[in-house]
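First the structure, in the form of structure tokens, and then the observations on it.
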Amino acid sequence: MTTAIVRAACAVAAVLLVPALAPAADKPAGAVNVLAPDLVNSIVTVVVFGALLAILYFAAWGPIMKGLQAREEAQFQALADAKKAKDEVAAVRAELEAEKKKAAEEARAILEEARRDAEALKVAEREVGQREAQAERERAKRDTATERDAALKDVQTQAVELAVLIATKALRQKVSIGAQEALVNEAIAEMKAGASRA
Amino acid sequence: MSLDPLSHVLDHAWIGPVTKHQILLVVAAIAVAVPYILLARRVQDGTPPRGRFWNFLEMLLLFIRDEVARPNISAGHHHDDHHGDGKHHDDKHHGDHAKPHAATAHYADRFVPFLWTLFLFILACNLLGMIPFLGSPTGELSVTLVLAAFVFLVINVSAIMKLGPVGYISAFIPRLKADNFVMTAFLTVLIVPLIAVIEFAGIFLRAGVLAVRLFANIFAGHVALGVILLFAVADPVQGGLSPGGAAAAVLLGTGLSILELLVAFLQAFVFVLLTSIFLGMQLNPEH
């Protein structure tokens with residue numbers, strides 16, 4: 001404030017001196033000197049401009065500069081907020097990307113595990129199948145053996161029956177030793193033939 | 001109508017002893033003060049102005065602040081800045097000098113109210129001359145000398161306050177160096193005083209140039225306009241008629257009036273621009 005008053009006082013003093021220092025124009029009657037200083041107009045200019053500066057300084061420029069400052073602060077604040085929001089969005093986006101990547105990795109791991117399980121299951125099933133097939137083959141062999149034994153038994157039974165029949169026949173006839181031997185050989189041959197057919 | 005082309009340019013009594021330019025100076029001041037006081041009430045809380053007229057008024061202020069004052073006036077490298085944020089903002093050396101980097105006060109802002117008043121007052125005085133039967137107070141040397149004296153005081157008082165009396169005076173003395181004694185003695189004895197005198201005279205010359213440039217442009221423009229318009233009535237006065245000459249004079253006068261409208265803005269701008277440049281030079285001497 002003091003500075004402004006000192007400046008104003010210096011300005012008034014200097015401006016009052018400037019026209020006074022200029023030499024008075026010595027002109028003939030009727031001639032016009034456009035450079036001739038007019039002290040009254042200079043004083044009026046000092047007063048008017050000084051008053052205008054003072055009035056506007058307090059009534060206009062102060063409030064306007066304050067308003068401009070407030071507006072610019074609001075604009076810079078809005079810019080800062082926008083930048084902050086942009087950074088936050090970028091951070092959230094990065095976080096989402098990371099989570100997405102993590103989920104993809106987890107999905108890939110789950111698929112891999114499922115594939116491994118499926119492979120293990122396949123191997124296990126194949127082993128089970130092989131075992132069952134082996135068991136089936138064993139069972140078939142056993143059945144075959146059983147049936148063969150049954151067939152042999154049947155053959156033996158038939159052989160016995162045949163022997164009984166032969167014996168029966170022999171009892172009805174007088175059997176010589178030679179005939180008996182022929183009968184036995186015949187029976188044995190029939191038994192072998194029956195066994196080979198079975 | 002007077003046949004003297006100077007009659008409408010020179011000052012003369014209007015209302016009693018009060019002259020035309022004295023009245024127009026007051027009119028110009030009122031024409032500047034009233035709208036800007038009203039604008040201040042609208043924008044002081046930080047809300048932007050609404051409407052073309054108020055935006056135009058504010059645009060003039062922002063133009064002077066951002067394109068004239070801030071690029072040309074800075075705190076300089078060797079002194080503390082006063083930006084409030086502790087950072088150096090010598091915008092002349094950082095490219096985008098016209099735009100504020102933060103909502104803090106620029107060093108040049110302390111001179112902005114003076115530059116705003118100066119620009120608007122000169123502009124209003126210039127534009128009053130475009131209204132028929134009025135005139136431009138800035139077409140009178142007594143007025144422009146006062147305005148230049150204000151600029152002189154602001155520049156030099158600010159420089160003394162910033163640099164101190166010793167720094168202010170030493171700014172006029174160049175520091176010239178030579179690699180031998182003879183040349184050093186020659187520079188010190190002859191060249192340095194000569195340059196110091198020229199530098200010291202320069203502060204007065206700059207103010208004088210401001211006054212004479214504004215006065216001469218406005219005065220010459222209005223005299224030329226008056227001379228051309230007198231062509232339109234010269235022949236009838238002499239007893240003859242020249243419709244072609246009158247039409248040409250009117251056309252030329254219209255074109256020159258448009259040019260004068262441009263000159264009114266241009267000279268106000270140049271005055272404030274040179275003031276800012278001189279302020280920057282005096283506040284930040286090269287040596």
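For the structure tokens, the naming scheme is as follows: chains receive sequential letters (A, B, ...) according to their order of presentation, residues are indexed from 1 within each chain, and ligands are indexed from 1 in presentation order.
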
- Starting from chain B, keep only residues with some atom at most 8 Å from an atom of chain A, counting only C-alpha atoms, and report them as a PyMOL selection string. chain B and resi 10+21-22+25-26+29+33+36-41+43-48+102-105+113-114+117+121+140-143+145-147+149-150+153-154+157

- Residue neighbourhood B:Ile155, 10 Å, only C-alpha atoms, exclusion window fewer than 5 positions, as a VMD selection string: chain B and resid 111 149 to 150 160 203 207 275 to 276 278 to 283

Save the residues we just selected, all heavy atoms, as an mmCIF file, in the first residue's frame?
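Listed below is the output, result-v2.cif:
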```cif
data_model
loop_
_atom_site.group_PDB
_atom_site.id
_atom_site.type_symbol
_atom_site.label_atom_id
_atom_site.label_comp_id
_atom_site.auth_asym_id
_atom_site.auth_seq_id
_atom_site.Cartn_x
_atom_site.Cartn_y
_atom_site.Cartn_z
ATOM 1 N N PHE B 111 2.270 -6.346 -12.037
ATOM 2 C CA PHE B 111 2.211 -5.213 -12.975
ATOM 3 C C PHE B 111 0.958 -5.256 -13.855
ATOM 4 O O PHE B 111 0.694 -4.325 -14.599
ATOM 5 C CB PHE B 111 3.452 -5.206 -13.874
ATOM 6 C CG PHE B 111 4.736 -5.114 -13.113
ATOM 7 C CD1 PHE B 111 5.548 -6.211 -12.944
ATOM 8 C CD2 PHE B 111 5.123 -3.918 -12.530
ATOM 9 C CE1 PHE B 111 6.732 -6.138 -12.226
ATOM 10 C CE2 PHE B 111 6.304 -3.826 -11.814
ATOM 11 C CZ PHE B 111 7.112 -4.940 -11.658
ATOM 12 N N ALA B 149 5.044 9.050 -18.924
ATOM 13 C CA ALA B 149 5.678 9.362 -17.640
ATOM 14 C C ALA B 149 5.250 8.352 -16.577
ATOM 15 O O ALA B 149 6.062 7.950 -15.727
ATOM 16 C CB ALA B 149 5.299 10.780 -17.212
ATOM 17 N N PHE B 150 3.981 7.954 -16.603
ATOM 18 C CA PHE B 150 3.534 6.897 -15.681
ATOM 19 C C PHE B 150 4.359 5.626 -15.910
ATOM 20 O O PHE B 150 4.811 4.979 -14.966
ATOM 21 C CB PHE B 150 2.044 6.606 -15.903
ATOM 22 C CG PHE B 150 1.126 7.429 -15.047
ATOM 23 C CD1 PHE B 150 0.431 8.494 -15.596
ATOM 24 C CD2 PHE B 150 0.947 7.141 -13.708
ATOM 25 C CE1 PHE B 150 -0.424 9.268 -14.824
ATOM 26 C CE2 PHE B 150 0.092 7.900 -12.925
ATOM 27 C CZ PHE B 150 -0.596 8.977 -13.482
ATOM 28 N N ILE B 160 14.334 -0.043 -9.205
ATOM 29 C CA ILE B 160 15.090 0.343 -8.009
ATOM 30 C C ILE B 160 14.692 -0.525 -6.826
ATOM 31 O O ILE B 160 15.537 -0.977 -6.040
ATOM 32 C CB ILE B 160 14.856 1.846 -7.694
ATOM 33 C CG1 ILE B 160 15.512 2.708 -8.771
ATOM 34 C CG2 ILE B 160 15.392 2.210 -6.316
ATOM 35 C CD1 ILE B 160 15.158 4.175 -8.699
ATOM 36 N N ILE B 203 16.625 5.128 -20.934
ATOM 37 C CA ILE B 203 15.393 5.015 -20.143
ATOM 38 C C ILE B 203 14.457 6.194 -20.433
ATOM 39 O O ILE B 203 13.231 6.046 -20.405
ATOM 40 C CB ILE B 203 15.700 4.903 -18.637
ATOM 41 C CG1 ILE B 203 16.425 6.143 -18.134
ATOM 42 C CG2 ILE B 203 16.504 3.651 -18.341
ATOM 43 C CD1 ILE B 203 16.583 6.171 -16.614
ATOM 44 N N ALA B 207 10.710 6.052 -22.864
ATOM 45 C CA ALA B 207 9.441 6.687 -22.499
ATOM 46 C C ALA B 207 9.033 7.700 -23.566
ATOM 47 O O ALA B 207 7.855 7.777 -23.951
ATOM 48 C CB ALA B 207 9.576 7.367 -21.137
ATOM 49 N N THR B 275 5.790 -1.347 -23.139
ATOM 50 C CA THR B 275 5.924 -1.131 -21.696
ATOM 51 C C THR B 275 6.378 -2.408 -21.005
ATOM 52 O O THR B 275 7.276 -2.391 -20.151
ATOM 53 C CB THR B 275 4.578 -0.659 -21.119
ATOM 54 O OG1 THR B 275 4.207 0.561 -21.737
ATOM 55 C CG2 THR B 275 4.674 -0.448 -19.621
ATOM 56 N N SER B 276 5.764 -3.530 -21.371
ATOM 57 C CA SER B 276 6.134 -4.820 -20.760
ATOM 58 C C SER B 276 7.574 -5.182 -21.097
ATOM 59 O O SER B 276 8.324 -5.653 -20.227
ATOM 60 C CB SER B 276 5.204 -5.919 -21.251
ATOM 61 O OG SER B 276 3.883 -5.635 -20.919
ATOM 62 N N PHE B 278 10.042 -3.122 -21.913
ATOM 63 C CA PHE B 278 10.941 -2.218 -21.199
ATOM 64 C C PHE B 278 11.010 -2.585 -19.721
ATOM 65 O O PHE B 278 12.079 -2.515 -19.099
ATOM 66 C CB PHE B 278 10.476 -0.771 -21.363
ATOM 67 C CG PHE B 278 10.546 -0.260 -22.782
ATOM 68 C CD1 PHE B 278 9.780 0.812 -23.205
ATOM 69 C CD2 PHE B 278 11.379 -0.871 -23.715
ATOM 70 C CE1 PHE B 278 9.845 1.285 -24.509
ATOM 71 C CE2 PHE B 278 11.449 -0.406 -25.023
ATOM 72 C CZ PHE B 278 10.675 0.668 -25.414
ATOM 73 N N LEU B 279 9.862 -2.978 -19.168
ATOM 74 C CA LEU B 279 9.845 -3.414 -17.764
ATOM 75 C C LEU B 279 10.735 -4.642 -17.582
ATOM 76 O O LEU B 279 11.554 -4.700 -16.650
ATOM 77 C CB LEU B 279 8.416 -3.773 -17.364
ATOM 78 C CG LEU B 279 7.694 -2.845 -16.395
ATOM 79 C CD1 LEU B 279 6.240 -3.236 -16.264
ATOM 80 C CD2 LEU B 279 8.352 -2.818 -15.046
ATOM 81 N N GLY B 280 10.576 -5.606 -18.480
ATOM 82 C CA GLY B 280 11.393 -6.816 -18.398
ATOM 83 C C GLY B 280 12.869 -6.500 -18.537
ATOM 84 O O GLY B 280 13.711 -7.065 -17.823
ATOM 85 N N MET B 281 13.208 -5.585 -19.453
ATOM 86 C CA MET B 281 14.614 -5.213 -19.651
ATOM 87 C C MET B 281 15.184 -4.538 -18.412
ATOM 88 O O MET B 281 16.320 -4.805 -17.999
ATOM 89 C CB MET B 281 14.736 -4.265 -20.851
ATOM 90 C CG MET B 281 14.503 -4.924 -22.199
ATOM 91 S SD MET B 281 14.289 -3.725 -23.526
ATOM 92 C CE MET B 281 15.861 -2.900 -23.488
ATOM 93 N N GLN B 282 14.399 -3.642 -17.818
ATOM 94 C CA GLN B 282 14.917 -2.887 -16.675
ATOM 95 C C GLN B 282 14.984 -3.748 -15.414
ATOM 96 O O GLN B 282 15.879 -3.564 -14.584
ATOM 97 C CB GLN B 282 14.009 -1.676 -16.425
ATOM 98 C CG GLN B 282 14.693 -0.531 -15.725
ATOM 99 C CD GLN B 282 15.715 0.161 -16.634
ATOM 100 O OE1 GLN B 282 15.469 0.335 -17.817
ATOM 101 N NE2 GLN B 282 16.863 0.506 -16.080
ATOM 102 N N LEU B 283 14.040 -4.680 -15.283
ATOM 103 C CA LEU B 283 14.026 -5.530 -14.089
ATOM 104 C C LEU B 283 15.082 -6.627 -14.166
ATOM 105 O O LEU B 283 15.528 -7.128 -13.138
ATOM 106 C CB LEU B 283 12.640 -6.163 -13.911
ATOM 107 C CG LEU B 283 11.514 -5.193 -13.567
ATOM 108 C CD1 LEU B 283 10.169 -5.910 -13.590
ATOM 109 C CD2 LEU B 283 11.737 -4.576 -12.196
#
```

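Of the listed residues (B:Phe133, B:Phe63, B:Phe265, B:Tyr107), B:Phe265 comes nearest to B:Leu214; the distances count only C-alpha atoms.
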
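One distance worth recording is that between atom CA of B:Ile218 and atom CA of B:Ile198, which is 28.9 Å.
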
- Task: Using only C-alpha atoms, determine which residues lie at most 12 Å from B:Ile258, disregarding the query and same-chain residues fewer than 3 positions distant; provide the list as number ranges by chain.
- Result: B: 127, 130, 221-222, 225, 251-255, 261-265

Convert the current residue selection to file output with N, CA, C and O atoms, as a tab-separated table (two decimals), in the first residue's frame.
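Dumped everything to part-v6.tsv:
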```
chain	number	residue	atom	x	y	z
B	127	LEU	N	-10.51	4.86	-29.49
B	127	LEU	CA	-11.80	4.55	-30.12
B	127	LEU	C	-12.76	5.73	-30.09
B	127	LEU	O	-13.64	5.84	-30.97
B	130	MET	N	-13.08	7.53	-33.25
B	130	MET	CA	-13.82	6.95	-34.36
B	130	MET	C	-15.28	7.36	-34.37
B	130	MET	O	-16.02	7.04	-35.29
B	221	GLY	N	-3.17	9.74	-38.27
B	221	GLY	CA	-4.31	9.03	-38.84
B	221	GLY	C	-5.52	9.92	-38.96
B	221	GLY	O	-6.20	9.93	-40.00
B	222	HIS	N	-5.78	10.68	-37.93
B	222	HIS	CA	-6.96	11.55	-37.97
B	222	HIS	C	-6.76	12.73	-38.92
B	222	HIS	O	-7.72	13.16	-39.57
B	225	LEU	N	-7.30	11.32	-42.35
B	225	LEU	CA	-8.74	11.10	-42.55
B	225	LEU	C	-9.45	12.42	-42.82
B	225	LEU	O	-10.31	12.52	-43.72
B	251	LEU	N	-15.23	6.98	-50.21
B	251	LEU	CA	-14.73	5.59	-50.19
B	251	LEU	C	-13.40	5.50	-49.46
B	251	LEU	O	-13.18	4.63	-48.62
B	252	LEU	N	-12.50	6.43	-49.81
B	252	LEU	CA	-11.20	6.44	-49.14
B	252	LEU	C	-11.34	6.69	-47.65
B	252	LEU	O	-10.66	6.07	-46.82
B	253	GLY	N	-12.24	7.62	-47.32
B	253	GLY	CA	-12.46	7.92	-45.90
B	253	GLY	C	-12.99	6.72	-45.15
B	253	GLY	O	-12.60	6.45	-44.00
B	254	THR	N	-13.89	5.96	-45.80
B	254	THR	CA	-14.43	4.75	-45.16
B	254	THR	C	-13.31	3.73	-44.94
B	254	THR	O	-13.20	3.14	-43.85
B	255	GLY	N	-12.52	3.54	-45.98
B	255	GLY	CA	-11.42	2.58	-45.84
B	255	GLY	C	-10.43	3.01	-44.77
B	255	GLY	O	-9.98	2.19	-43.95
B	261	LEU	N	-9.61	2.06	-37.12
B	261	LEU	CA	-10.16	1.17	-36.09
B	261	LEU	C	-9.11	0.13	-35.70
B	261	LEU	O	-8.92	-0.17	-34.51
B	262	LEU	N	-8.45	-0.40	-36.72
B	262	LEU	CA	-7.37	-1.36	-36.46
B	262	LEU	C	-6.22	-0.69	-35.71
B	262	LEU	O	-5.67	-1.24	-34.75
B	263	VAL	N	-5.90	0.53	-36.14
B	263	VAL	CA	-4.79	1.26	-35.52
B	263	VAL	C	-5.10	1.55	-34.05
B	263	VAL	O	-4.21	1.52	-33.19
B	264	ALA	N	-6.37	1.81	-33.75
B	264	ALA	CA	-6.75	2.11	-32.37
B	264	ALA	C	-6.39	0.94	-31.46
B	264	ALA	O	-5.81	1.13	-30.38
B	265	PHE	N	-6.73	-0.28	-31.89
B	265	PHE	CA	-6.37	-1.46	-31.10
B	265	PHE	C	-4.86	-1.69	-31.14
B	265	PHE	O	-4.24	-2.00	-30.13
```

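Ranking B:Leu61, B:Leu6, B:Leu187, B:Ala159 by their shortest atom-to-atom distance to B:Asn284, with only C-alpha atoms included, puts B:Ala159 first.
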
- Query: Just how far from atom CA of B:Asp109 is atom CA of B:Gly76, in Å to one decimal?
  - Reply: 14.3 Å

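With only C-alpha atoms taken into account, the protein and nucleic acid residues at most 10 Å from A:Ala151 (excluding it and anything under 3 positions from it in its own chain) are Ala145, Thr146, Glu147, Arg148, Asp154, Val155, Gln156, Thr157, Gly194, Ala195, Arg197 and Ala198 of chain A.
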
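From atom CA of B:Leu57 back to atom CA of B:Val27, the distance works out to 17.7 Å.
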
- With only C-alpha atoms as the basis for distance, which of B:Ile228, B:Ala196, B:Leu134, B:Ile277 is at the shortest distance from B:Ala108? B:Ile277

- Quick one: residues within 8 Å of B:Ala148, only C-alpha atoms counted, chain neighbours fewer than 6 positions away excluded, as an MDAnalysis selection string? chainID B and resid 207:208 210:211

Go ahead and write the residues just picked, N, CA, C and O atoms, as a PDB file, in the first residue's frame.
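Produced file out.pdb, reproduced below:
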```pdb
ATOM      1  N   ALA B 207      10.710   6.052 -22.864  1.00  0.00           N
ATOM      2  CA  ALA B 207       9.441   6.687 -22.499  1.00  0.00           C
ATOM      3  C   ALA B 207       9.033   7.700 -23.566  1.00  0.00           C
ATOM      4  O   ALA B 207       7.855   7.777 -23.951  1.00  0.00           O
ATOM      5  N   GLY B 208      10.009   8.462 -24.044  1.00  0.00           N
ATOM      6  CA  GLY B 208       9.702   9.440 -25.089  1.00  0.00           C
ATOM      7  C   GLY B 208       9.197   8.785 -26.354  1.00  0.00           C
ATOM      8  O   GLY B 208       8.255   9.267 -26.998  1.00  0.00           O
ATOM      9  N   LEU B 210       7.621   5.977 -26.542  1.00  0.00           N
ATOM     10  CA  LEU B 210       6.241   5.536 -26.310  1.00  0.00           C
ATOM     11  C   LEU B 210       5.262   6.682 -26.560  1.00  0.00           C
ATOM     12  O   LEU B 210       4.239   6.511 -27.242  1.00  0.00           O
ATOM     13  N   ALA B 211       5.579   7.844 -25.988  1.00  0.00           N
ATOM     14  CA  ALA B 211       4.676   8.987 -26.109  1.00  0.00           C
ATOM     15  C   ALA B 211       4.557   9.440 -27.558  1.00  0.00           C
ATOM     16  O   ALA B 211       3.453   9.664 -28.072  1.00  0.00           O
TER      17      ALA B 211
END
```

- Near stretch 175-190 of chain A, counting only C-alpha atoms, which residues have an atom at most 9 Å away, once you skip same-chain residues fewer than 3 positions from it, shown as a VMD selection string? chain A and resid 159 162 to 163 166 170 to 172 193 to 195

Restricting the output to N, CA, C and O atoms, write the selected residues as a PDB file, in the first residue's frame.
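Output file again36.pdb follows:
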```
ATOM      1  N   ALA A 159     -17.498-145.953 -21.873  1.00  0.00           N
ATOM      2  CA  ALA A 159     -16.590-147.104 -21.959  1.00  0.00           C
ATOM      3  C   ALA A 159     -16.988-148.180 -20.949  1.00  0.00           C
ATOM      4  O   ALA A 159     -17.022-149.397 -21.266  1.00  0.00           O
ATOM      5  N   LEU A 162     -19.989-149.694 -22.144  1.00  0.00           N
ATOM      6  CA  LEU A 162     -19.636-150.610 -23.240  1.00  0.00           C
ATOM      7  C   LEU A 162     -18.997-151.894 -22.690  1.00  0.00           C
ATOM      8  O   LEU A 162     -19.326-153.009 -23.170  1.00  0.00           O
ATOM      9  N   ALA A 163     -18.184-151.692 -21.746  1.00  0.00           N
ATOM     10  CA  ALA A 163     -17.534-152.850 -21.133  1.00  0.00           C
ATOM     11  C   ALA A 163     -18.564-153.751 -20.476  1.00  0.00           C
ATOM     12  O   ALA A 163     -18.525-155.006 -20.607  1.00  0.00           O
ATOM     13  N   ILE A 166     -20.267-155.431 -23.208  1.00  0.00           N
ATOM     14  CA  ILE A 166     -19.426-156.500 -23.710  1.00  0.00           C
ATOM     15  C   ILE A 166     -19.413-157.650 -22.723  1.00  0.00           C
ATOM     16  O   ILE A 166     -19.539-158.837 -23.128  1.00  0.00           O
ATOM     17  N   ALA A 170     -20.486-161.298 -23.433  1.00  0.00           N
ATOM     18  CA  ALA A 170     -19.555-162.372 -23.191  1.00  0.00           C
ATOM     19  C   ALA A 170     -20.154-163.418 -22.274  1.00  0.00           C
ATOM     20  O   ALA A 170     -19.917-164.622 -22.438  1.00  0.00           O
ATOM     21  N   LEU A 171     -20.897-163.015 -21.365  1.00  0.00           N
ATOM     22  CA  LEU A 171     -21.536-163.939 -20.466  1.00  0.00           C
ATOM     23  C   LEU A 171     -22.541-164.772 -21.215  1.00  0.00           C
ATOM     24  O   LEU A 171     -22.849-165.901 -20.855  1.00  0.00           O
ATOM     25  N   ARG A 172     -23.154-164.192 -22.210  1.00  0.00           N
ATOM     26  CA  ARG A 172     -24.104-164.927 -22.986  1.00  0.00           C
ATOM     27  C   ARG A 172     -23.401-165.913 -23.904  1.00  0.00           C
ATOM     28  O   ARG A 172     -23.973-166.866 -24.361  1.00  0.00           O
ATOM     29  N   ALA A 193     -10.847-143.967 -29.803  1.00  0.00           N
ATOM     30  CA  ALA A 193     -11.513-143.221 -30.891  1.00  0.00           C
ATOM     31  C   ALA A 193     -12.509-142.228 -30.313  1.00  0.00           C
ATOM     32  O   ALA A 193     -12.612-141.086 -30.761  1.00  0.00           O
ATOM     33  N   GLY A 194     -13.222-142.737 -29.305  1.00  0.00           N
ATOM     34  CA  GLY A 194     -14.179-141.792 -28.670  1.00  0.00           C
ATOM     35  C   GLY A 194     -13.486-140.621 -28.020  1.00  0.00           C
ATOM     36  O   GLY A 194     -13.947-139.493 -28.116  1.00  0.00           O
ATOM     37  N   ALA A 195     -12.340-140.874 -27.386  1.00  0.00           N
ATOM     38  CA  ALA A 195     -11.611-139.757 -26.731  1.00  0.00           C
ATOM     39  C   ALA A 195     -11.095-138.736 -27.739  1.00  0.00           C
ATOM     40  O   ALA A 195     -11.162-137.538 -27.529  1.00  0.00           O
TER      41      ALA A 195
END
```

- Task: Could you tell me which of B:Gly16, B:Ala124, B:Val197, B:His106 comes closest to B:Ser74 if we count only C-alpha atoms?
- Result: B:His106

- Query: Contacts of stretch 171-184 of chain B at 9 Å or less, counting only C-alpha atoms, minus same-chain residues fewer than 4 places along, as a VMD selection string?
  - Reply: chain B and resid 163 166 to 167 188 to 189 191 to 193 195 to 200 282 284 to 287
